[in-house]
Amino acid sequence: MAPEIAHFALILSLCLTGLQFLLPTIGILKEKAIFIRIASPLALGQSFFITLSFLLLFFTFAQDDFSVNYVASHSNAALPLFYKLSALWGGHEGSLLLWAFLLSIWTIAFSFLARHLPLLFFTRVLIVLGMIQFGFLLFLLATSNPFLRLLPHYPIDGADLNPLLQDFGLIIHPPLLYMGYVGFALPFAFAISVLWGAEKALPWAKWMRPWVLIAFAFLTIGIALGSWWAYYELGWGGWWFWDPVENASFMPWLVSIALIHSLMLSSKRGLFQGWTLLLSIVVFSLSLLGTFLVRSGVLSSVHAFANDPKRGVFLLIFLSMGVGGALLLFAWRAKAVISEANPTQDADTIKVELLSRETAILIASALLSVSTASILLGTLFPLAYDAFTGKKLSVGFPYFNRVFLPLIIPVLILTPLGPLNQWGPNPLNIIIKRIYWIILVSVLLAIGMPTVFTDHITWQVILGLALGYWIILGTLKSFIEKIQKRRGISGLSLGAWGMTFAHLGIAVIVIGITLVSHYQIERDVLIKLNQNLSIANYVIKFQDIQPIEGSNYIGYRGHFIVKRRLISKPEEKNHLPTMQEFNDPNQYTKVAELFPEKRIFVVQGTRMTETAIDPGLFRDIYISIVDQLPGEKWAARIYYKPFVRWIWLGALMIAFGSFLAAIGRRMRTKAMV
Amino acid sequence: MRFIVPFVFFIATAGLLWKSLKLKPAELPSVLVGHKAPAFSLTTVEDPTRVINENVFKGQVTVLNIWASWCSSCKKEHPIWVELTKKYPFSFISVSYHDDLKAAQQWLQKSGNPYSFTLFDPQGHLGMDYGVYGIPETFILDKEGIIRYRHAGPISLQLWQQTLLPLIESLR
């Protein structure tokens with residue numbers, strides 16, 4: 001019964017979303033108040049039914065109803081309940097339902113939290129959200145229905161969830177990522193509402209900003225989780241692969257940074273409204289494009305998803321109507337909006353001082369957009385190449401590193417310059433006077449620290465570290481200046497705190513990436529019991545390996561002892577200690593004992609490598625057992641990853657900062673109303 | 001007028017995507033097509049004491065299938081191979097990629113073994129040399145041991161009839 005009710009609820013919800021955009025549109029065109037006011041209840045209604053259908057699918061999974069195709073192919077009676085539930089988004093159909101469910105959550109949040117907005121503006125946003133939801137539900141019901149039964153012949157047991165997905169990190173990764181993706185529907189809807197109404201001087205940028213910030217924060221955490229998961233679960237030790245699916249999430253992330261900053265210009269200075277509107281449309285378009293690329297199967301990727309050409313066609317039509325329509329509307333109305341916003345002056349003649357915060361933000365947002373375009377090019381180029389020449393190629397690391405890095409470095413240089421400069425003109429000599437010592441100290445530290453702590457140094461390390469220190473020192477300086485201006489730390493707005501956190505987070509990521517890329521040591525080794533192995537400043541001993549037996553698997557568990565060298569002489573760098581030396585506490589101190597595992601899941605015959613990591617703020621020691629080889633030898637991966645955690649730590653700081661800024665903005669908007 | 005630029009750009013992208021929908025990502029090219037099979041020396045799943053190297057491909061057209069017991073697409077593909085080997089005689093060798101010896105043996109016992117033998121490649125070195133993207137993958141090698149064709153993803157009966165079988169026959 002449950003799947004049928006859920007299916008029916010989904011159809012009801014489709015009807016309600018249809019009404020959600022049709023009726024209020026008529027209301028606005030014919031000026032009928034009742035049709036306008038009905039938007040909010042309709043949104044609530046459709047959200048209710050989507051939520052119901054979502055919960056019922058959960059229930060179907062919990063019940064092990066393998067007569068439902070989707071459940072049979074993504075779950076298994078032996079799975080723990082936790083994984084049964086998260087198997088809901090383990091496949092295409094469920095992921096789409098999750099998408100629709102999250103959009104309904106955003107819709108409800110908007111209709112409750114944004115009631116203070118002018119009714120017409122508010123209703124137009126709900127109309128656009130309704131259209132998007134309608135398109136998605138139609139897609140879901142027409143091509144990807146998760147509630148279809150396998151009757152009369154259905155399997156006794158399910159095919160099981162991919163063991164790689166049976167992991168906490170991957171359970172929460174898709175919902176957070178999608179929360180971000182889907183959240184960008186709001187700025188999109190805001191932009192359409194602005195273009196549609198073209199009303200006089202609405203502070204729409206102020207209204208839009210908290211929504212963008214929150215969606216951005218979710219997307220940041222989602223991407224970071226994906227990267228963290230790839231690092232510890234895939235067993236490759238990498239954290240970013242420029243995979244098309246990763247790019248699909250990275251592009252909206254970059255453009256949303258441009259949008260957040262451009263919104264500041266538009267709301268505080270009334271500048272570049274057209275550019276900001278365009279960015280709002282582009283961010284969501286890139287989210288949709290990502291969905292298309294991932295779900296249509298046009299790109300092959302390490303994220304293997306089911307291919308179905310029908311889905312691709314449908315998604316492309318949806319994408320064309322949504323994005324194409326929005327951009328056409330933009331082409332038609334942007335001029336009107338801009339001249340309404342600045343009635344006294346023509347948009348083209350607004351003067352922006354060269355040395356100002358405006359310029360810093362503008363250049364950075366342009367560069368972010370260009371770097372996104374470069375990633376888009378790299379992601380789509382294989383398609384274009386294939387379409388025009390019939391040959392296949394893949395674009396990998398070398399392209400992205402060579403093209404993306406030179407574009408993003410100026411953005412990093414600009415990062416602290418925005419907050420350090422004032423709005424309006426800043427005399428050059430004053431700028432130099434304020435920042436010359438920051439540059440000096442950053443460069444000195446960037447050269448000095450690797451010289452002291454490591455034995456080799458390259459210009460890339462100096463550049464990366466200098467950028468990191470430059471952002472940290474510059475951000476702290478502007479933070480202190482703000483405190484002085486407001487006479488005390490309590491005078492600071494949450495927005496200022498948020499910006500500081502987020503910018504410091506960027507620096508932390510830059511430092512982490514620089515150090516791990518240049519100082520990591522990766523050793524794929526053959527090792528025997530009781531053998532020692534030296535990596536960086538550590539000696540690792542293969543102490544023991546034992547067969548293990550779990551509830552549904554058998555396997556091996558290795559035992560490694562990690563000790564740190566106390567006296568490090570350069571000539572002893574690769575010296576392998578004798579047993580006596582190794583056991584001498586004056587020479588070697590124990591850091592960790594690691595137990596990497598190799599598990600073979602008997603029923604499904606799947607095998608998993610459980611990596612053991614000794615995590616640290618400054619380095620990870622990463623061990624995974626690959627396999628047993630003849631002659632009592634074991635193949636293992638032993639990696640030393642300095643500062644790798646800073647990448648995810650920085651991402652968390654950015655997300656935290658955006659949440660703070662969003663809350664601060666919200667409190668102020670409320671206070672104003 | 002400048003406001004229409006984004007729309008034009010989008011139309012171009014959408015056109016490209018439309019065209020790309022008709023492309024088949026499974027037909028991955030391999031830089032190896034036209035080249036000699038990479039050298040290796042591996043034991044087999046069936047007999048861990050038997051060591052085999054790349055010379056095994058010489059003298060007949062060989063179909064090389066790369067799979068693992070943990071790969072669900074391989075499980076879907078497997079019955080097709082079992083059927084095909086009953087109907088058509090051809091030299092069929094497989095590689096057990098990144099797999100566990102016991103799991104691979106059990107899997108072959110349980111679901112039938114269509115292969116002449118299965119090379120055991122626990123660390124994926126051979127797979128790496130072949131540029132394996134995602135398993136299952138299938139290669140066809142000619143009598144000289146030169147790679148002639150590569151297919152990524154599970155095969156279908158249709159693919160066999162239309163592409164693989166004619167190719168095998170023409171190489172003979």
# chains A, B, ... in the order shown; residues from 1 in each chain; ligands from 1
$ residues_around --residues "stretch 591-600 of chain A" --least-positions-apart "4" --cutoff "7 Å" --atoms "only C-alpha atoms" --output "ChimeraX atom specification"
/A:553-564,605-612,614,623-625
$ interface_residues --of "chain B" --to "chain A" --cutoff "6 Å" --atoms "only C-alpha atoms" --output "list of chain:residue names"
B:Phe3, B:Ile4, B:Phe7, B:Ser20, B:Leu21, B:Pro25, B:Ser69, B:Trp70, B:Ala103
$ write_last_selection --atoms "C-alpha atoms" --output "PDB file, in the first residue's frame"
ATOM      1  CA  PHE B   3      22.043  41.697 -22.273  1.00  0.00           C
ATOM      2  CA  ILE B   4      21.282  39.066 -24.880  1.00  0.00           C
ATOM      3  CA  PHE B   7      21.196  33.856 -23.806  1.00  0.00           C
ATOM      4  CA  SER B  20      26.165  15.060 -26.989  1.00  0.00           C
ATOM      5  CA  LEU B  21      23.074  13.133 -25.893  1.00  0.00           C
ATOM      6  CA  PRO B  25      30.325   7.396 -23.480  1.00  0.00           C
ATOM      7  CA  SER B  69      33.143 -10.074  -7.641  1.00  0.00           C
ATOM      8  CA  TRP B  70      32.314  -6.773  -5.912  1.00  0.00           C
ATOM      9  CA  ALA B 103      35.630 -14.147  -3.291  1.00  0.00           C
TER      10      ALA B 103
END
$ residues_around --residues "stretch 148-157 of chain B" --least-positions-apart "4" --cutoff "6 Å" --atoms "only C-alpha atoms" --output "list of chain:residue names"
B:Ala26, B:Glu27, B:Val33, B:Gly34, B:Glu77, B:Pro136, B:Glu137, B:Thr138, B:Phe139, B:Ile140, B:Leu141
$ write_last_selection --atoms "all heavy atoms" --output "short mmCIF file (atom, residue, chain, number, x, y, z; two decimals), in the first residue's frame"
data_model
loop_
_atom_site.label_atom_id
_atom_site.label_comp_id
_atom_site.auth_asym_id
_atom_site.auth_seq_id
_atom_site.Cartn_x
_atom_site.Cartn_y
_atom_site.Cartn_z
N ALA B 26 30.15 4.95 -23.48
CA ALA B 26 30.69 3.62 -23.22
C ALA B 26 31.77 3.25 -24.23
O ALA B 26 32.65 2.45 -23.95
CB ALA B 26 29.58 2.59 -23.25
N GLU B 27 31.67 3.86 -25.44
CA GLU B 27 32.68 3.53 -26.44
C GLU B 27 33.93 4.36 -26.21
O GLU B 27 34.27 5.23 -26.99
CB GLU B 27 32.14 3.78 -27.84
CG GLU B 27 31.20 2.68 -28.29
CD GLU B 27 30.48 3.04 -29.57
OE1 GLU B 27 30.91 4.00 -30.24
OE2 GLU B 27 29.48 2.38 -29.88
N VAL B 33 44.51 0.94 -28.36
CA VAL B 33 44.01 0.29 -29.56
C VAL B 33 45.06 0.42 -30.65
O VAL B 33 45.54 1.51 -30.94
CB VAL B 33 42.67 0.90 -30.01
CG1 VAL B 33 42.31 0.43 -31.41
CG2 VAL B 33 41.57 0.50 -29.03
N GLY B 34 45.42 -0.72 -31.24
CA GLY B 34 46.47 -0.70 -32.25
C GLY B 34 47.84 -0.98 -31.66
O GLY B 34 48.81 -1.07 -32.39
N GLU B 77 26.29 -8.54 -16.20
CA GLU B 77 26.85 -8.90 -17.49
C GLU B 77 27.15 -10.39 -17.57
O GLU B 77 27.07 -11.00 -18.64
CB GLU B 77 28.15 -8.09 -17.69
CG GLU B 77 28.84 -8.31 -19.01
CD GLU B 77 30.23 -7.70 -19.03
OE1 GLU B 77 30.94 -7.85 -18.01
OE2 GLU B 77 30.60 -7.07 -20.03
N PRO B 136 32.63 -3.47 -15.56
CA PRO B 136 33.36 -4.34 -16.47
C PRO B 136 33.88 -3.60 -17.72
O PRO B 136 33.28 -2.63 -18.15
CB PRO B 136 32.32 -5.38 -16.88
CG PRO B 136 31.03 -4.66 -16.80
CD PRO B 136 31.17 -3.73 -15.63
N GLU B 137 34.99 -4.10 -18.24
CA GLU B 137 35.47 -3.62 -19.52
C GLU B 137 35.88 -4.84 -20.35
O GLU B 137 36.27 -5.86 -19.80
CB GLU B 137 36.66 -2.67 -19.35
CG GLU B 137 36.22 -1.29 -18.88
CD GLU B 137 37.27 -0.22 -19.09
OE1 GLU B 137 38.21 -0.43 -19.88
OE2 GLU B 137 37.13 0.83 -18.45
N THR B 138 35.78 -4.66 -21.65
CA THR B 138 36.06 -5.78 -22.54
C THR B 138 37.01 -5.33 -23.65
O THR B 138 36.80 -4.26 -24.23
CB THR B 138 34.75 -6.32 -23.15
OG1 THR B 138 33.88 -6.69 -22.08
CG2 THR B 138 35.01 -7.53 -24.01
N PHE B 139 38.03 -6.11 -23.89
CA PHE B 139 38.99 -5.82 -24.95
C PHE B 139 39.01 -6.99 -25.94
O PHE B 139 38.76 -8.13 -25.55
CB PHE B 139 40.40 -5.65 -24.38
CG PHE B 139 40.56 -4.42 -23.52
CD1 PHE B 139 40.17 -4.43 -22.19
CD2 PHE B 139 41.10 -3.25 -24.05
CE1 PHE B 139 40.32 -3.31 -21.40
CE2 PHE B 139 41.26 -2.12 -23.26
CZ PHE B 139 40.86 -2.15 -21.94
N ILE B 140 39.30 -6.67 -27.20
CA ILE B 140 39.52 -7.75 -28.16
C ILE B 140 40.95 -7.63 -28.68
O ILE B 140 41.38 -6.53 -29.08
CB ILE B 140 38.50 -7.69 -29.30
CG1 ILE B 140 37.11 -7.98 -28.73
CG2 ILE B 140 38.85 -8.71 -30.39
CD1 ILE B 140 36.02 -7.97 -29.74
N LEU B 141 41.67 -8.73 -28.62
CA LEU B 141 43.06 -8.75 -29.08
C LEU B 141 43.17 -9.68 -30.28
O LEU B 141 42.52 -10.73 -30.32
CB LEU B 141 43.98 -9.26 -27.97
CG LEU B 141 44.11 -8.34 -26.76
CD1 LEU B 141 43.05 -8.66 -25.72
CD2 LEU B 141 45.48 -8.49 -26.14
#
$ residues_around --residues "B:Pro79" --least-positions-apart "3" --cutoff "12 Å" --atoms "only C-alpha atoms" --output "VMD selection string"
chain B and resid 73 to 76 82 to 86 108 110 to 114 154 to 157
$ residues_around --residues "A:Ile361" --least-positions-apart "4" --cutoff "9 Å" --atoms "only C-alpha atoms" --output "ChimeraX atom specification"
/A:258,261-262,265,356-357,365-366,414-415,417-418
$ write_last_selection --atoms "N, CA and C atoms" --output "PDB file, in the first residue's frame"
ATOM      1  N   ALA A 258      30.974  34.680  -6.225  1.00  0.00           N
ATOM      2  CA  ALA A 258      30.880  35.933  -6.978  1.00  0.00           C
ATOM      3  C   ALA A 258      29.551  36.617  -6.680  1.00  0.00           C
ATOM      4  N   HIS A 261      29.273  38.377  -3.218  1.00  0.00           N
ATOM      5  CA  HIS A 261      29.994  39.645  -3.150  1.00  0.00           C
ATOM      6  C   HIS A 261      29.356  40.703  -4.029  1.00  0.00           C
ATOM      7  N   SER A 262      28.858  40.263  -5.179  1.00  0.00           N
ATOM      8  CA  SER A 262      28.236  41.217  -6.072  1.00  0.00           C
ATOM      9  C   SER A 262      26.921  41.740  -5.470  1.00  0.00           C
ATOM     10  N   LEU A 265      27.617  44.731  -3.459  1.00  0.00           N
ATOM     11  CA  LEU A 265      27.709  45.956  -4.253  1.00  0.00           C
ATOM     12  C   LEU A 265      26.317  46.456  -4.596  1.00  0.00           C
ATOM     13  N   SER A 356      39.336  50.934  -5.084  1.00  0.00           N
ATOM     14  CA  SER A 356      38.254  50.940  -4.108  1.00  0.00           C
ATOM     15  C   SER A 356      37.820  49.517  -3.853  1.00  0.00           C
ATOM     16  N   ARG A 357      37.003  49.360  -2.819  1.00  0.00           N
ATOM     17  CA  ARG A 357      36.483  48.039  -2.520  1.00  0.00           C
ATOM     18  C   ARG A 357      35.617  47.545  -3.681  1.00  0.00           C
ATOM     19  N   SER A 365      34.968  39.067  -8.790  1.00  0.00           N
ATOM     20  CA  SER A 365      33.785  38.317  -9.225  1.00  0.00           C
ATOM     21  C   SER A 365      33.873  38.014 -10.714  1.00  0.00           C
ATOM     22  N   ALA A 366      34.485  38.931 -11.477  1.00  0.00           N
ATOM     23  CA  ALA A 366      34.680  38.635 -12.899  1.00  0.00           C
ATOM     24  C   ALA A 366      35.642  37.459 -13.064  1.00  0.00           C
ATOM     25  N   LEU A 414      43.170  39.375  -4.172  1.00  0.00           N
ATOM     26  CA  LEU A 414      42.145  40.398  -3.930  1.00  0.00           C
ATOM     27  C   LEU A 414      41.353  40.144  -2.648  1.00  0.00           C
ATOM     28  N   THR A 415      41.349  38.880  -2.177  1.00  0.00           N
ATOM     29  CA  THR A 415      40.479  38.529  -1.048  1.00  0.00           C
ATOM     30  C   THR A 415      40.599  39.494   0.143  1.00  0.00           C
ATOM     31  N   LEU A 417      42.006  42.427   0.086  1.00  0.00           N
ATOM     32  CA  LEU A 417      42.002  43.828  -0.358  1.00  0.00           C
ATOM     33  C   LEU A 417      40.597  44.427  -0.324  1.00  0.00           C
ATOM     34  N   GLY A 418      39.593  43.589  -0.534  1.00  0.00           N
ATOM     35  CA  GLY A 418      38.225  44.084  -0.456  1.00  0.00           C
ATOM     36  C   GLY A 418      37.947  44.704   0.904  1.00  0.00           C
TER      37      GLY A 418
END
$ residues_around --residues "B:Gln158" --least-positions-apart "5" --cutoff "12 Å" --atoms "only C-alpha atoms" --output "list in words"
Ile80, Leu84, Thr163, Leu164, Leu165 and Pro166 of chain B
$ write_last_selection --atoms "N, CA and C atoms" --output "PDB file, in the first residue's frame"
ATOM      1  N   ILE B  80      25.266 -13.144 -19.612  1.00  0.00           N
ATOM      2  CA  ILE B  80      25.387 -12.984 -21.066  1.00  0.00           C
ATOM      3  C   ILE B  80      26.616 -13.730 -21.560  1.00  0.00           C
ATOM      4  N   LEU B  84      26.898 -16.791 -24.148  1.00  0.00           N
ATOM      5  CA  LEU B  84      27.661 -16.626 -25.382  1.00  0.00           C
ATOM      6  C   LEU B  84      28.702 -17.731 -25.552  1.00  0.00           C
ATOM      7  N   THR B 163      28.752  -5.816 -33.187  1.00  0.00           N
ATOM      8  CA  THR B 163      30.117  -5.314 -33.206  1.00  0.00           C
ATOM      9  C   THR B 163      31.154  -6.382 -32.880  1.00  0.00           C
ATOM     10  N   LEU B 164      30.984  -7.004 -31.700  1.00  0.00           N
ATOM     11  CA  LEU B 164      32.047  -7.889 -31.236  1.00  0.00           C
ATOM     12  C   LEU B 164      32.228  -9.098 -32.145  1.00  0.00           C
ATOM     13  N   LEU B 165      31.101  -9.789 -32.449  1.00  0.00           N
ATOM     14  CA  LEU B 165      31.204 -11.016 -33.223  1.00  0.00           C
ATOM     15  C   LEU B 165      31.783 -10.768 -34.622  1.00  0.00           C
ATOM     16  N   PRO B 166      31.243  -9.759 -35.370  1.00  0.00           N
ATOM     17  CA  PRO B 166      31.839  -9.475 -36.690  1.00  0.00           C
ATOM     18  C   PRO B 166      33.329  -9.159 -36.591  1.00  0.00           C
TER      19      PRO B 166
END
